[in-house]
file my_file18.txt (compact mmCIF, C-alpha atoms)
# COMPACT_ATOMS: atom_id res chain seq x y z
CA MET A 1 19.37 16.24 18.81
CA THR A 2 21.97 15.17 16.32
CA GLU A 3 21.25 14.45 12.68
CA ALA A 4 21.73 10.72 13.36
CA ASP A 5 19.19 10.86 16.22
CA ALA A 6 16.67 12.63 13.98
CA SER A 7 17.07 10.07 11.21
CA SER A 8 16.56 7.16 13.63
CA ARG A 9 13.25 8.52 14.91
CA PRO A 10 10.21 6.79 13.43
CA LYS A 11 8.43 8.72 10.67
CA VAL A 12 4.97 9.99 11.56
CA HIS A 13 2.45 10.00 8.72
CA LEU A 14 -0.83 11.94 8.99
CA ARG A 15 -3.88 11.22 6.85
CA PRO A 16 -7.65 11.70 6.82
CA ALA A 17 -9.59 8.84 8.40
CA THR A 18 -11.66 6.49 6.29
CA VAL A 19 -14.56 4.30 7.33
CA ALA A 20 -12.07 1.44 7.73
CA ASP A 21 -10.50 3.43 10.61
CA ALA A 22 -13.70 3.44 12.69
CA PRO A 23 -12.56 0.53 14.91
CA TYR A 24 -9.26 2.28 15.67
CA ILE A 25 -11.01 5.60 16.35
CA HIS A 26 -13.29 3.75 18.78
CA ALA A 27 -10.29 2.11 20.47
CA ALA A 28 -8.69 5.56 20.82
CA LEU A 29 -11.85 6.94 22.45
CA LEU A 30 -11.75 4.05 24.92
CA GLY A 31 -8.09 4.89 25.56
CA ILE A 32 -9.03 8.46 26.44
CA ALA A 33 -11.78 7.21 28.75
CA ARG A 34 -9.34 4.86 30.50
CA THR A 35 -6.90 7.73 30.99
CA VAL A 36 -9.51 9.80 32.88
CA ASN A 37 -11.07 6.77 34.61
CA GLU A 38 -14.43 7.17 32.85
CA LEU A 39 -14.60 4.03 30.72
CA ASP A 40 -18.07 3.30 32.11
CA LYS A 41 -19.41 6.52 30.55
CA VAL A 42 -18.57 5.61 26.94
CA ARG A 43 -21.66 4.52 25.03
CA CYS A 44 -20.34 5.18 21.54
CA GLU A 45 -19.98 2.10 19.36
CA VAL A 46 -18.04 1.59 16.13
CA ALA A 47 -21.37 1.64 14.26
CA ASP A 48 -22.10 5.13 15.65
CA LEU A 49 -18.79 6.41 14.32
CA ILE A 50 -19.54 4.91 10.92
CA ASP A 51 -23.09 6.30 10.80
CA TYR A 52 -22.29 9.80 12.05
CA GLY A 53 -18.76 10.28 10.73
CA PHE A 54 -18.73 8.58 7.35
CA GLY A 55 -22.32 8.70 6.11
CA PRO A 56 -23.96 11.17 3.73
CA ASP A 57 -23.98 13.95 6.38
CA PRO A 58 -20.78 13.53 8.44
CA HIS A 59 -20.83 15.24 11.81
CA PHE A 60 -17.08 15.01 12.40
CA GLU A 61 -13.75 14.41 10.72
CA THR A 62 -10.67 12.63 12.03
CA VAL A 63 -7.00 12.84 11.23
CA ILE A 64 -5.10 9.61 11.86
CA ALA A 65 -1.41 9.49 12.82
CA GLU A 66 0.57 6.42 11.83
CA VAL A 67 4.08 5.31 12.69
CA ASP A 68 5.56 2.65 10.40
CA GLY A 69 2.03 1.85 9.19
CA ALA A 70 0.61 1.33 12.69
CA PRO A 71 -2.12 3.65 14.00
CA ALA A 72 -0.55 5.91 16.63
CA GLY A 73 -3.14 8.60 17.39
CA ILE A 74 -6.20 10.55 16.32
CA CYS A 75 -7.61 14.04 16.32
CA LEU A 76 -11.41 14.04 15.97
CA PHE A 77 -12.85 17.47 15.15
CA PHE A 78 -15.77 19.32 13.65
CA ARG A 79 -16.41 22.73 12.16
CA SER A 80 -17.74 25.57 14.25
CA PHE A 81 -18.55 29.22 13.70
CA SER A 82 -17.93 32.33 15.80
CA THR A 83 -20.72 34.85 15.48
CA TRP A 84 -18.49 37.41 17.18
CA LEU A 85 -15.60 36.90 14.78
CA GLY A 86 -17.87 36.24 11.81
CA ARG A 87 -15.54 33.43 10.78
CA PRO A 88 -15.39 29.63 10.91
CA GLY A 89 -13.19 27.67 13.25
CA VAL A 90 -12.78 24.17 14.60
CA TYR A 91 -13.68 22.32 17.77
CA ILE A 92 -11.38 19.49 18.84
CA GLN A 93 -13.54 16.81 20.38
CA ASP A 94 -10.84 14.20 21.01
CA LEU A 95 -7.07 14.04 20.80
CA TYR A 96 -5.37 10.75 21.56
CA VAL A 97 -1.86 9.36 21.21
CA ASP A 98 -1.23 5.70 21.92
CA ASP A 99 1.14 5.19 24.86
CA ARG A 100 3.60 3.30 22.62
CA PHE A 101 4.12 6.42 20.54
CA ARG A 102 4.25 9.15 23.18
CA GLY A 103 7.23 11.48 22.97
CA LEU A 104 7.31 11.62 19.17
CA GLY A 105 5.40 14.92 18.95
CA ILE A 106 2.32 13.24 17.49
CA GLY A 107 -0.22 15.23 19.52
CA ALA A 108 1.28 18.52 18.38
CA LYS A 109 1.49 17.29 14.78
CA LEU A 110 -2.20 16.31 14.83
CA LEU A 111 -3.31 19.66 16.25
CA ARG A 112 -1.14 21.58 13.80
CA ARG A 113 -2.58 19.61 10.87
CA VAL A 114 -6.16 20.28 11.98
CA ALA A 115 -5.28 23.97 12.44
CA ALA A 116 -3.89 24.02 8.88
CA ILE A 117 -7.00 22.29 7.49
CA THR A 118 -9.17 24.85 9.28
CA ARG A 119 -7.04 27.78 8.08
CA ASP A 120 -7.29 26.53 4.51
CA ARG A 121 -11.09 26.49 4.88
CA GLY A 122 -11.11 30.12 6.03
CA GLY A 123 -11.05 29.33 9.76
CA VAL A 124 -9.38 31.53 12.33
CA TYR A 125 -9.64 29.71 15.65
CA MET A 126 -9.50 26.39 17.48
CA ARG A 127 -11.41 25.43 20.63
CA LEU A 128 -11.34 22.39 22.84
CA SER A 129 -12.17 21.28 26.36
CA VAL A 130 -9.92 19.32 28.67
CA ASP A 131 -10.74 17.31 31.78
CA THR A 132 -10.24 19.51 34.85
CA GLU A 133 -7.95 16.92 36.45
CA ASN A 134 -5.84 16.29 33.32
CA PHE A 135 -3.00 18.61 34.23
CA ILE A 136 -0.55 17.02 31.78
CA ALA A 137 -2.90 17.78 28.85
CA GLN A 138 -3.52 21.30 30.16
CA GLY A 139 0.23 21.97 30.18
CA PHE A 140 0.59 20.47 26.69
CA TYR A 141 -2.11 22.75 25.27
CA THR A 142 -0.64 25.80 26.97
CA ARG A 143 2.78 25.06 25.41
CA LEU A 144 1.06 25.11 22.00
CA GLU A 145 -0.55 28.49 22.86
CA ILE A 146 -4.01 26.94 23.24
CA LYS A 147 -4.88 28.79 26.39
CA PHE A 148 -7.45 28.37 29.13
CA SER A 149 -10.33 30.80 28.70
CA ASP A 150 -11.28 32.37 32.00
CA THR A 151 -14.18 34.22 30.37
CA GLU A 152 -16.26 31.15 29.46
CA GLN A 153 -17.81 28.11 31.12
CA VAL A 154 -18.93 24.95 29.41
CA HIS A 155 -22.60 24.14 29.97
CA ALA A 156 -24.15 20.93 28.71
CA ALA A 157 -27.50 19.12 28.58
CA TYR A 158 -27.35 15.32 28.29
CA GLU A 159 -29.85 12.47 28.36
CA ASP A 160 -33.17 13.43 30.00
CA ALA A 161 -32.19 17.08 30.33
CA PHE A 162 -31.50 17.24 26.59
CA LEU A 163 -34.68 15.37 25.66
CA ASN A 164 -36.76 17.63 27.91
CA LEU A 165 -35.19 20.70 26.32
CA ALA A 166 -35.83 19.37 22.81
CA ALA A 167 -39.46 18.43 23.55
CA ALA A 168 -40.40 21.66 25.32
CA ASP A 169 -41.85 23.40 22.26
CA CYS A 170 -41.63 20.88 19.48
CA PRO A 171 -42.55 17.20 19.23
CA PRO A 172 -40.03 14.85 17.57
CA GLY A 173 -39.96 15.39 13.80
CA GLY A 174 -41.68 18.77 14.05
CA THR A 175 -38.69 20.96 13.36
CA LEU A 176 -38.10 22.87 10.17
CA PRO A 177 -36.67 20.81 7.31
CA ARG A 178 -33.01 21.22 6.62
CA LYS A 179 -32.16 23.80 3.97
CA PRO A 180 -31.47 22.05 0.62
CA GLU A 181 -27.91 22.37 -0.65
call {"tool": "encode", "arguments": {"input": "my_file18.txt", "output": "structure tokens"}}
result
Amino acid sequence: MTEADASSRPKVHLRPATVADAPYIHAALLGIARTVNELDKVRCEVADLIDYGFGPDPHFETVIAEVDGAPAGICLFFRSFSTWLGRPGVYIQDLYVDDRFRGLGIGAKLLRRVAAITRDRGGVYMRLSVDTENFIAQGFYTRLEIKFSDTEQVHAAYEDAFLNLAAADCPPGGTLPRKPE
């Protein structure tokens, strides 16, 4: 790429999401669902993102990518902890780049920024899951040295299975109070 080509490329700006970004984050999640043909599975609403991501006890953070002031992508993540490493890390829940902005390196920029945020907080690893049929994403992650782990399987409990698990030994509201900060 020549210097002239580099200067003509749109500038990508990364920033932390604010509550005003909740509608765009939601649109990005729907974009991911469309990509893997699972739009009918998305139950999350903008209000859920506001309540759980921007309230007094946020459960996730998001980095927003913009190109010329227009939202171009997101990386939604949350903190995790490895008991084997004894160190914090990060779990990438969703990475999305709008089709109009593909090819600008936005996905890599978002992941690198979240890795830097995590490093600066003492973190030493990044984890994510990818749809088994999303071979393009799998190749993308491999190029960034985010490798497939053949020593682990993802297990999950959703809906009734989760509620049955939660109710097995403890009625709703019967858990220990959260430790004061």
call {"tool": "closest_residue", "arguments": {"input": "my_file18.txt", "among": "A:Val19, A:Phe140, A:Gly123, A:Leu85", "to": "Gly103 of chain A", "atoms": "all atoms listed in the file"}}
result
A:Phe140
call {"tool": "atom_distance", "arguments": {"input": "my_file18.txt", "atom1": "atom CA of Gly73 of chain A", "atom2": "atom CA of Ala137 of chain A"}}
result
14.7 Å
call {"tool": "residues_around", "arguments": {"input": "my_file18.txt", "residues": "segment 105-122 of chain A", "least_positions_apart": "2", "cutoff": "12 Å", "atoms": "all atoms listed in the file", "output": "PyMOL selection string"}}
result
chain A and resi 9-16+61-67+71-81+85-103+124-128+137+140-146
call {"tool": "residues_near_point", "arguments": {"input": "my_file18.txt", "point": "(-13.4, 4.0, 14.2)", "cutoff": "12 Å", "atoms": "only C-alpha atoms", "output": "PyMOL selection string"}}
result
chain A and resi 17-30+44-54+60-64+71+73-76
call {"tool": "atom_distance", "arguments": {"input": "my_file18.txt", "atom1": "atom CA of Ser149 of chain A", "atom2": "atom CA of Val36 of chain A"}}
result
21.4 Å
call {"tool": "atom_distance", "arguments": {"input": "my_file18.txt", "atom1": "atom CA of His155 of chain A", "atom2": "atom CA of Gly55 of chain A"}}
result
28.4 Å
call {"tool": "closest_residue", "arguments": {"input": "my_file18.txt", "among": "A:Asp169, A:Lys41, A:Phe135, A:Ser129", "to": "Glu152 of chain A", "atoms": "all atoms listed in the file"}}
result
A:Ser129
call {"tool": "axis_aligned_box", "arguments": {"input": "my_file18.txt", "around": "segment 137-153 of chain A", "padding_each_side": "3 Å", "output": "AutoDock Vina command-line options"}}
result
--center_x -7.5 --center_y 26.0 --center_z 27.0 --size_x 26.6 --size_y 22.4 --size_z 16.0
call {"tool": "closest_residue", "arguments": {"input": "my_file18.txt", "among": "A:Val130, A:Trp84, A:Ala33, A:Leu39", "to": "Val154 of chain A", "atoms": "only C-alpha atoms"}}
result
A:Val130
call {"tool": "build_atoms", "arguments": {"input": "my_file18.txt", "residues": "segment 24-51 of chain A", "atoms": "N, CA and C atoms", "output": "short mmCIF file (atom, residue, chain, number, x, y, z; two decimals), in the frame of the given file"}}
result
data_model
loop_
_atom_site.label_atom_id
_atom_site.label_comp_id
_atom_site.auth_asym_id
_atom_site.auth_seq_id
_atom_site.Cartn_x
_atom_site.Cartn_y
_atom_site.Cartn_z
N TYR A 24 -10.39 1.66 14.97
CA TYR A 24 -9.26 2.28 15.67
C TYR A 24 -9.69 3.56 16.37
N ILE A 25 -10.51 4.37 15.72
CA ILE A 25 -11.01 5.60 16.35
C ILE A 25 -11.73 5.22 17.65
N HIS A 26 -12.57 4.20 17.58
CA HIS A 26 -13.29 3.75 18.78
C HIS A 26 -12.32 3.30 19.86
N ALA A 27 -11.30 2.55 19.50
CA ALA A 27 -10.29 2.11 20.47
C ALA A 27 -9.59 3.32 21.10
N ALA A 28 -9.32 4.35 20.31
CA ALA A 28 -8.69 5.56 20.82
C ALA A 28 -9.60 6.26 21.83
N LEU A 29 -10.90 6.32 21.52
CA LEU A 29 -11.85 6.94 22.45
C LEU A 29 -11.87 6.18 23.77
N LEU A 30 -11.81 4.86 23.70
CA LEU A 30 -11.75 4.05 24.92
C LEU A 30 -10.44 4.32 25.67
N GLY A 31 -9.36 4.55 24.94
CA GLY A 31 -8.09 4.89 25.56
C GLY A 31 -8.16 6.20 26.32
N ILE A 32 -8.84 7.19 25.75
CA ILE A 32 -9.03 8.46 26.44
C ILE A 32 -9.84 8.23 27.71
N ALA A 33 -10.91 7.48 27.60
CA ALA A 33 -11.78 7.21 28.75
C ALA A 33 -11.01 6.49 29.86
N ARG A 34 -10.16 5.55 29.49
CA ARG A 34 -9.34 4.86 30.50
C ARG A 34 -8.40 5.84 31.20
N THR A 35 -7.84 6.76 30.44
CA THR A 35 -6.90 7.73 30.99
C THR A 35 -7.55 8.59 32.08
N VAL A 36 -8.82 8.95 31.90
CA VAL A 36 -9.51 9.80 32.88
C VAL A 36 -10.46 8.99 33.77
N ASN A 37 -10.28 7.67 33.77
CA ASN A 37 -11.07 6.77 34.61
C ASN A 37 -12.58 6.94 34.42
N GLU A 38 -13.01 7.02 33.15
CA GLU A 38 -14.43 7.17 32.85
C GLU A 38 -14.87 6.20 31.76
N LEU A 39 -14.27 5.04 31.72
CA LEU A 39 -14.60 4.03 30.72
C LEU A 39 -16.08 3.67 30.77
N ASP A 40 -16.66 3.67 31.96
CA ASP A 40 -18.07 3.30 32.11
C ASP A 40 -19.03 4.31 31.48
N LYS A 41 -18.55 5.49 31.14
CA LYS A 41 -19.41 6.52 30.55
C LYS A 41 -19.49 6.45 29.03
N VAL A 42 -18.61 5.68 28.41
CA VAL A 42 -18.57 5.61 26.94
C VAL A 42 -19.69 4.70 26.44
N ARG A 43 -20.58 5.28 25.65
CA ARG A 43 -21.66 4.52 25.03
C ARG A 43 -21.48 4.39 23.52
N CYS A 44 -20.60 5.18 22.99
CA CYS A 44 -20.34 5.18 21.54
C CYS A 44 -19.84 3.82 21.09
N GLU A 45 -20.38 3.37 19.97
CA GLU A 45 -19.98 2.10 19.36
C GLU A 45 -19.33 2.40 18.00
N VAL A 46 -18.64 1.43 17.47
CA VAL A 46 -18.04 1.59 16.13
C VAL A 46 -19.11 1.97 15.11
N ALA A 47 -20.28 1.35 15.21
CA ALA A 47 -21.37 1.64 14.26
C ALA A 47 -21.80 3.11 14.33
N ASP A 48 -21.76 3.72 15.52
CA ASP A 48 -22.10 5.13 15.65
C ASP A 48 -21.10 6.00 14.90
N LEU A 49 -19.83 5.65 15.03
CA LEU A 49 -18.79 6.41 14.32
C LEU A 49 -18.98 6.30 12.82
N ILE A 50 -19.32 5.11 12.36
CA ILE A 50 -19.54 4.91 10.92
C ILE A 50 -20.75 5.72 10.46
N ASP A 51 -21.86 5.61 11.19
CA ASP A 51 -23.09 6.30 10.80
C ASP A 51 -22.95 7.82 10.82
#
